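J.: Okay, here's the structure, questions in a sec.
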Amino acid sequence: MANWEDWIRRTEPYVPGEQPRGDRLIKLNTNENPYPPAPGVQKALERMRAEDFRKYPDPEASALKAALAGRYRLTPEQIFVGVGSDDVLAMAFLTFFNSSRPVLFPDITYSFYPVWAGLFRIPYETAPLDEQFCLRPEDYRRENGGIVFPNPNAPTGLCLPLEAVEDILRHNRDVVVIVDEAYIDFGGESAVCLLDRYENLLVVQTFSKSRSMAGLRIGFAMGSPKLIRALENVKFAYNSYTLNLPSLVLGTEAVKDEAYFQETTGRIVRTREKTAGRLRQLGFQFPDSRANFLFITHEKADAARLYEALKEARIYVRYFPSGRLAPYLRMTIGTDEEMEQVLAFLEDYLRRN
Ligand code: PMP
């Protein structure tokens with residue numbers, strides 16, 4: 001091996017869900033939204049011209065921040081934006097988890113957390129979820145260098161009540177606590193209302209799920225002006241122009257249409273509850289989801305085999321083949337029609353197997 005190879009930063013990458021191409025498939029493997037973005041996004045896209053791309057975009061993302069500040073009743077100084085919440089979370093890890101004490105997160109959670117910790121050499125410890133996959137706030141009372149957890153959690157969909165989130169904050173005033181709310185708009189209670197009381201709280205959200213814009217890559221964080229300033233400093237030490245012009249323009253447009261947001265998220269919640277009822281009748285079990293997916297298991301159906309059979313039928317779901325997750329499949333909630341087709345397949349599969 002040549003010498004230069006010794007100095008390469010070696011790191012374990014995150015593996016995203018597959019993005020199969022082609023028509024006539026039901027794609028329920030990466031928690032995308034089955035509905036298009038708000039109609040104003042299409043109109044704004046049609047108004048864009050290639051000529052607009054000649055210049056750099058606004059490095060401060062002022063219009064998008066102003067729109068988000070209005071929507072969440074905050075000031076623009078309390079908003080940070082990035083290239084999907086993955087970018088925002090990576091920046092937050094880099095900015096706030098800079099202590100020799102271990103950062104804490106659940107053992108079953110978004111599998112990108114240990115990857116960032118590895119990349120940035122951040123020490124961490126995991127706290128096991130209980131038998132029912134619930135996060136126990138009392139596990140977060142030991143010495144630590146920061147805390148991060150998704151609420152609702154992934155891939156279970158379980159949501160902590162606000163009192164439990166506040167319990168964690170109350171016991172951790174000297175470190176930054178990041179609540180990753182990628183799925184909060186499907187029925188969970190956001191921690192945004194705790195921002196006035198906890199200067200060390202960072203709430204991270206995304207346009208990828210509830211605003212149907214995974215392909216544009218827009219994420220944001222809300223926190224005290226001090227936290228946001230620290231994030232901005234790291235961002236401007238790394239890449240001034242993170243969000244491109246279409247993301248800034250179309251993201252701003254999406255935030256303006258509150259009625260469409262309420263209608264489509266409401267529709268997904270109703271489809272989730274209807275699907276949950278039918279799955280229960282078929283003998284599936286799953287935690288109570290407040291997200292746009294269900295984490296399902298069946299005593300009589302091996303998850304790996306069912307995953308393959310679904311794929312054969314052009315239905316894509318997510319399978320995590322190790323440990324406690326191995327008996328489960330994570331299925332995104334699609335349209336009513338898509339879920340009908342999936343349920344018909346499952347009914348037939350269980351009869352045959
Ligand atoms: N947090 C959680 C818990 C997620 O499941 C995801 C989706 N993979 C993300 C953050 C990142 O989403 P995005 O980068 O598309 O905003």
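Residues are named by chain letter and number: chains run A, B, ... in the order of the structure tokens, numbers start at 1 in each chain, and ligands are numbered from 1 in the order shown.
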When the cut-off is 10 Å and you count only C-alpha atoms and all ligand atoms, which residues lie near ligand 1, shown as number ranges by chain?
T.: A: 16-17, 30-32, 82-90, 109-113, 149-155, 157, 179-184, 204-209, 213-220, 291
J.: Which residues of stretch 216-274 of chain A sit at most 9 Å from stretch 332-344 of chain A, using only C-alpha atoms? Give each one's shortest atom pair and distance in Å (one decimal place), in chain and ascending residue order, as a Markdown table.
T.:
| residue | atom | partner | partner_atom | distance |
| --- | --- | --- | --- | --- |
| A:Arg267 | CA | A:Thr335 | CA | 8.6 |
| A:Ile268 | CA | A:Ile333 | CA | 6.7 |
| A:Val269 | CA | A:Ile333 | CA | 8.5 |
| A:Thr271 | CA | A:Asp336 | CA | 6.0 |
| A:Arg272 | CA | A:Ile333 | CA | 6.0 |
| A:Lys274 | CA | A:Asp336 | CA | 8.8 |
J.: Just the selected residues (N, CA and C atoms), exported as a PDB file, in the first residue's frame, please.
T.:
ATOM      1  N   ARG A 267     -54.537  13.791   5.294  1.00  0.00           N
ATOM      2  CA  ARG A 267     -54.911  12.649   4.460  1.00  0.00           C
ATOM      3  C   ARG A 267     -54.001  11.444   4.767  1.00  0.00           C
ATOM      4  N   ILE A 268     -52.705  11.705   4.937  1.00  0.00           N
ATOM      5  CA  ILE A 268     -51.763  10.616   5.233  1.00  0.00           C
ATOM      6  C   ILE A 268     -52.074   9.993   6.604  1.00  0.00           C
ATOM      7  N   VAL A 269     -52.419  10.835   7.573  1.00  0.00           N
ATOM      8  CA  VAL A 269     -52.765  10.312   8.905  1.00  0.00           C
ATOM      9  C   VAL A 269     -54.011   9.414   8.807  1.00  0.00           C
ATOM     10  N   THR A 271     -55.095   7.769   6.160  1.00  0.00           N
ATOM     11  CA  THR A 271     -54.725   6.520   5.457  1.00  0.00           C
ATOM     12  C   THR A 271     -53.949   5.600   6.407  1.00  0.00           C
ATOM     13  N   ARG A 272     -53.081   6.202   7.218  1.00  0.00           N
ATOM     14  CA  ARG A 272     -52.298   5.394   8.180  1.00  0.00           C
ATOM     15  C   ARG A 272     -53.231   4.659   9.143  1.00  0.00           C
ATOM     16  N   LYS A 274     -56.430   3.928   8.811  1.00  0.00           N
ATOM     17  CA  LYS A 274     -57.232   2.932   8.097  1.00  0.00           C
ATOM     18  C   LYS A 274     -56.380   1.686   7.805  1.00  0.00           C
TER      19      LYS A 274
END
J.: Please report the interatomic distance between atom CA of A:Leu231 and atom CA of A:Phe80 in Å with one decimal.
T.: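 For atom CA of A:Leu231 relative to atom CA of A:Phe80, the distance reads 7.4 Å.
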J.: I'd like the contact shell of A:Glu263 - 12 Å cut-off, only C-alpha atoms, skipping same-chain residues fewer than 5 positions apart - returned as a ChimeraX atom specification.
T.: /A:35,37-38,185-186,210-211,257-258,268-270
J.: For the structure I just gave you, how does DSSP split stretch 150-346 of chain A - specifically, which residues are alpha helix (DSSP H)? Reply as a PyMOL selection string.
T.: chain A and resi 162-170+225-236+245-256+258-281+303-312+336-346
J.: Counting only C-alpha atoms, which residue out of A:Met48, A:Leu160, A:Ile315, A:Leu279 sits closest to A:Val249?
T.: A:Met48
J.: Could you check the closest approach to A:Asn33 for each of A:Thr265, A:Glu273, A:Ser99, A:Asp196 and tell me which residue wins, using only C-alpha atoms?
T.: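 Of the candidates, the smallest distance to A:Asn33 is held by A:Thr265.
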J.: Kindly indicate which residue among A:Lys55, A:Ala50, A:Leu45, A:Ala164 lies nearest to A:Ser247, using only C-alpha atoms for the distances.
T.: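 The answer is A:Leu45, which sits nearest to A:Ser247.
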J.: I need the residue nearest A:Leu201 from this list: A:Ala92, A:Met1, A:Val81, A:Ala237. Use only C-alpha atoms for the distance.
T.: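 The shortest atom-to-atom distance to A:Leu201 comes from A:Ala92.
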J.: I want to know what sits within 8 Å of A:Asn353, based on only C-alpha atoms, with residues of the same chain fewer than 3 positions away left out; could you give that as a ChimeraX atom specification?
T.: /A:301,349-350
J.: Would you pick out the contacts of A:Cys134 at 10 Å or less, using only C-alpha atoms, so that residues sharing its chain but fewer than 3 positions from it are not included, and give the list as a short mmCIF file (atom, residue, chain, number, x, y, z; two decimals) with N, CA and C atoms, in the first residue's frame?
T.:
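Result file follows (out09.cif):
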data_model
loop_
_atom_site.label_atom_id
_atom_site.label_comp_id
_atom_site.auth_asym_id
_atom_site.auth_seq_id
_atom_site.Cartn_x
_atom_site.Cartn_y
_atom_site.Cartn_z
N PRO A 106 -30.64 6.82 21.43
CA PRO A 106 -31.19 5.48 21.64
C PRO A 106 -30.44 4.42 20.82
N ILE A 108 -31.86 1.97 19.22
CA ILE A 108 -32.61 1.79 17.98
C ILE A 108 -33.10 3.17 17.58
N PRO A 128 -30.57 1.78 25.60
CA PRO A 128 -31.51 0.83 24.99
C PRO A 128 -32.98 1.26 25.17
N LEU A 129 -33.75 1.10 24.12
CA LEU A 129 -35.20 1.30 24.24
C LEU A 129 -35.76 0.17 25.09
N ASP A 130 -36.93 0.36 25.69
CA ASP A 130 -37.50 -0.72 26.51
C ASP A 130 -38.11 -1.82 25.61
N GLU A 131 -38.72 -2.81 26.25
CA GLU A 131 -39.29 -3.96 25.52
C GLU A 131 -40.28 -3.54 24.43
N PRO A 137 -36.95 8.43 29.34
CA PRO A 137 -36.27 9.70 29.63
C PRO A 137 -35.24 9.56 30.76
N ASN A 153 -39.75 8.52 16.82
CA ASN A 153 -38.52 7.78 16.57
C ASN A 153 -38.60 7.02 15.24
N THR A 156 -39.46 3.11 14.42
CA THR A 156 -40.65 2.59 15.11
C THR A 156 -41.89 3.45 14.90
N LEU A 158 -42.88 5.58 17.06
CA LEU A 158 -43.39 5.96 18.39
C LEU A 158 -43.00 7.38 18.75
N CYS A 159 -43.95 8.10 19.36
CA CYS A 159 -43.71 9.51 19.69
C CYS A 159 -43.73 9.72 21.20
N LEU A 160 -42.75 10.46 21.69
CA LEU A 160 -42.72 10.81 23.11
C LEU A 160 -43.65 11.98 23.35
N PRO A 287 -45.97 -0.93 16.67
CA PRO A 287 -46.11 0.14 17.65
C PRO A 287 -47.05 1.22 17.10
#
J.: Calculated over only C-alpha atoms, which of the candidates A:Leu282, A:Lys256, A:Arg49, A:Gly223 has the smallest distance to A:Gly70?
T.: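 When distances to A:Gly70 are compared using only C-alpha atoms, the smallest one comes from A:Lys256.
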J.: Quick one: pick out all strand (DSSP E) residues within stretch 220-331 of chain A from a backbone DSSP run and write them as number ranges by chain.
T.: A: 220-222, 284-285, 293-298, 315-316, 318-319, 329-331
J.: Using only C-alpha atoms, what table do you get, as JSON lines, when you list each residue of stretch 227-307 of chain A with an atom no more than 6 Å from stretch 57-62 of chain A, its nearest pair of atoms, and their distance in Å rounded to one decimal, rows by chain then rising number?
T.:
{"residue": "A:Ser240", "atom": "CA", "partner": "A:Pro59", "partner_atom": "CA", "distance": 5.7}
{"residue": "A:Tyr241", "atom": "CA", "partner": "A:Pro59", "partner_atom": "CA", "distance": 5.1}
{"residue": "A:Leu245", "atom": "CA", "partner": "A:Pro57", "partner_atom": "CA", "distance": 5.2}
J.: Considering only C-alpha atoms, can you say which of A:Glu299, A:Glu166, A:Asp107, A:Glu125 comes closest to A:Gly323?
T.: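 So, comparing all the options, the nearest one is A:Asp107.
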J.: Please report, as JSON lines, each residue of stretch 54-121 of chain A lying at most 8 Å from stretch 2-12 of chain A, together with the nearest pair of atoms and the separation in Å rounded to one decimal; use only C-alpha atoms, and order rows by chain and ascending residue number.
T.:
{"residue": "A:Val115", "atom": "CA", "partner": "A:Glu12", "partner_atom": "CA", "distance": 6.4}
{"residue": "A:Gly118", "atom": "CA", "partner": "A:Thr11", "partner_atom": "CA", "distance": 6.6}
{"residue": "A:Leu119", "atom": "CA", "partner": "A:Thr11", "partner_atom": "CA", "distance": 5.8}
J.: Write the residues you've just listed into a file as a short mmCIF file (atom, residue, chain, number, x, y, z; two decimals), in the first residue's frame, and include C-alpha atoms for each of them.
T.:
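For reference, part27.cif as written:
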data_model
loop_
_atom_site.label_atom_id
_atom_site.label_comp_id
_atom_site.auth_asym_id
_atom_site.auth_seq_id
_atom_site.Cartn_x
_atom_site.Cartn_y
_atom_site.Cartn_z
CA VAL A 115 -22.17 7.46 11.17
CA GLY A 118 -17.75 8.20 13.48
CA LEU A 119 -16.94 10.78 10.80
#
J.: Give me the residues within 6 Å of stretch 302-306 of chain A as a count of residues only, counting only C-alpha atoms and dropping any in the same chain fewer than 3 places off.
T.: 3
J.: Can you tell me which residues surround A:Lys311 at a distance of at most 10 Å, considering only C-alpha atoms, apart from same-chain residues fewer than 6 positions away, and format the answer as a PDB file with N, CA, C and O atoms, in the first residue's frame?
T.:
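The resulting file, part-v8.pdb, is shown below:
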ATOM      1  N   LEU A  25     -44.558   0.693  -9.909  1.00  0.00           N
ATOM      2  CA  LEU A  25     -44.081   0.117  -8.669  1.00  0.00           C
ATOM      3  C   LEU A  25     -44.634   0.937  -7.529  1.00  0.00           C
ATOM      4  O   LEU A  25     -44.963   2.110  -7.686  1.00  0.00           O
ATOM      5  N   ILE A  26     -44.782   0.285  -6.384  1.00  0.00           N
ATOM      6  CA  ILE A  26     -45.291   0.990  -5.207  1.00  0.00           C
ATOM      7  C   ILE A  26     -44.102   1.191  -4.290  1.00  0.00           C
ATOM      8  O   ILE A  26     -43.532   0.233  -3.770  1.00  0.00           O
ATOM      9  N   LYS A  27     -43.709   2.451  -4.129  1.00  0.00           N
ATOM     10  CA  LYS A  27     -42.460   2.723  -3.429  1.00  0.00           C
ATOM     11  C   LYS A  27     -42.741   3.207  -2.003  1.00  0.00           C
ATOM     12  O   LYS A  27     -43.095   4.363  -1.791  1.00  0.00           O
ATOM     13  N   ARG A 305     -38.481 -12.983   4.153  1.00  0.00           N
ATOM     14  CA  ARG A 305     -39.175 -13.613   3.011  1.00  0.00           C
ATOM     15  C   ARG A 305     -40.305 -12.728   2.493  1.00  0.00           C
ATOM     16  O   ARG A 305     -40.528 -12.617   1.290  1.00  0.00           O
ATOM     17  N   VAL A 317     -40.531  -1.943   0.409  1.00  0.00           N
ATOM     18  CA  VAL A 317     -40.580  -1.481   1.798  1.00  0.00           C
ATOM     19  C   VAL A 317     -39.152  -1.542   2.325  1.00  0.00           C
ATOM     20  O   VAL A 317     -38.239  -1.974   1.616  1.00  0.00           O
TER      21      VAL A 317
END
